[in-house]
Amino acid sequence: MFFIKDAVTGREVELWEEDIYTYCPECGKRLYPFKDMGIQEFLDGFPEDYNFEFISTTLICEDCTKKIKEVE
């Protein structure tokens, strides 16, 4: 699940990549996945016929990814 920095209810806002964040489900660290990579660039990494949904997406931080790989 992704969040935005400011509360927005019932109004349109302009979102920038640095306004969108999520949390690592392993350690709780706040992640800004689009800060260095634009949203479109992120989405372009998926095949055209892939049904991508932000609501069901989970991102894991680099430290936790390394820990998971060590266990495997």
# chains A, B, ... in the order shown; residues from 1 in each chain; ligands from 1
>>> residues_around(residues="range 25-34 of chain A", least_positions_apart="4", cutoff="10 Å", atoms="only C-alpha atoms", output="list in words")
Phe2, Phe3, Trp16, Glu17, Glu18, Asp19, Ile20, Tyr21, Gly38, Ile39, Gln40, Glu41, Phe42, Thr58, Leu59, Ile60, Cys61, Asp63, Cys64, Thr65 and Ile68 of chain A
>>> write_last_selection(atoms="C-alpha atoms", output="CSV table (one decimal), in the first residue's frame")
chain,number,residue,atom,x,y,z
A,2,PHE,CA,1.2,3.5,-0.8
A,3,PHE,CA,0.6,6.7,1.0
A,16,TRP,CA,5.3,14.4,-7.1
A,17,GLU,CA,7.4,11.3,-6.7
A,18,GLU,CA,8.9,12.4,-3.4
A,19,ASP,CA,5.3,12.7,-2.0
A,20,ILE,CA,4.5,9.0,-2.4
A,21,TYR,CA,5.8,6.5,0.2
A,38,GLY,CA,9.7,8.2,-11.7
A,39,ILE,CA,6.4,6.3,-11.5
A,40,GLN,CA,6.2,5.8,-15.2
A,41,GLU,CA,9.7,4.4,-15.3
A,42,PHE,CA,8.7,2.0,-12.5
A,58,THR,CA,4.6,-4.5,-1.2
A,59,LEU,CA,8.1,-3.3,-1.4
A,60,ILE,CA,10.9,-4.6,0.9
A,61,CYS,CA,13.9,-2.4,1.9
A,63,ASP,CA,18.5,-4.3,4.3
A,64,CYS,CA,15.6,-6.8,4.7
A,65,THR,CA,16.1,-8.1,1.2
A,68,ILE,CA,16.1,-12.7,3.3
>>> select_by_dssp(residues="chain A", states="alpha helix (DSSP H)", output="PyMOL selection string")
chain A and resi 39-44+62-71
>>> select_by_dssp(residues="chain A", states="strand (DSSP E or B)", output="PDB file with N, CA, C and O atoms, in the first residue's frame")
ATOM      1  N   PHE A   3       1.179   5.582   0.341  1.00  0.00           N
ATOM      2  CA  PHE A   3       0.606   6.726   1.045  1.00  0.00           C
ATOM      3  C   PHE A   3       1.127   8.007   0.417  1.00  0.00           C
ATOM      4  O   PHE A   3       2.135   7.985  -0.288  1.00  0.00           O
ATOM      5  N   ILE A   4       0.469   9.123   0.703  1.00  0.00           N
ATOM      6  CA  ILE A   4       0.988  10.421   0.282  1.00  0.00           C
ATOM      7  C   ILE A   4       1.207  11.263   1.526  1.00  0.00           C
ATOM      8  O   ILE A   4       0.566  11.056   2.554  1.00  0.00           O
ATOM      9  N   ILE A  20       5.150  10.293  -2.444  1.00  0.00           N
ATOM     10  CA  ILE A  20       4.549   8.962  -2.353  1.00  0.00           C
ATOM     11  C   ILE A  20       5.507   8.036  -1.610  1.00  0.00           C
ATOM     12  O   ILE A  20       6.683   7.943  -1.938  1.00  0.00           O
ATOM     13  N   TYR A  21       4.998   7.359  -0.589  1.00  0.00           N
ATOM     14  CA  TYR A  21       5.845   6.466   0.181  1.00  0.00           C
ATOM     15  C   TYR A  21       5.077   5.218   0.601  1.00  0.00           C
ATOM     16  O   TYR A  21       3.868   5.120   0.460  1.00  0.00           O
ATOM     17  N   THR A  22       5.828   4.243   1.101  1.00  0.00           N
ATOM     18  CA  THR A  22       5.269   3.011   1.642  1.00  0.00           C
ATOM     19  C   THR A  22       6.160   2.582   2.796  1.00  0.00           C
ATOM     20  O   THR A  22       7.137   3.256   3.105  1.00  0.00           O
ATOM     21  N   TYR A  23       5.818   1.494   3.444  1.00  0.00           N
ATOM     22  CA  TYR A  23       6.617   0.978   4.555  1.00  0.00           C
ATOM     23  C   TYR A  23       7.082  -0.438   4.244  1.00  0.00           C
ATOM     24  O   TYR A  23       6.334  -1.223   3.667  1.00  0.00           O
ATOM     25  N   ARG A  30      10.301   3.564   6.422  1.00  0.00           N
ATOM     26  CA  ARG A  30       9.578   4.317   5.390  1.00  0.00           C
ATOM     27  C   ARG A  30      10.417   4.352   4.122  1.00  0.00           C
ATOM     28  O   ARG A  30      11.601   4.671   4.157  1.00  0.00           O
ATOM     29  N   LEU A  31       9.791   4.014   3.000  1.00  0.00           N
ATOM     30  CA  LEU A  31      10.471   3.963   1.719  1.00  0.00           C
ATOM     31  C   LEU A  31       9.829   4.939   0.738  1.00  0.00           C
ATOM     32  O   LEU A  31       8.612   5.056   0.683  1.00  0.00           O
TER      33      LEU A  31
END
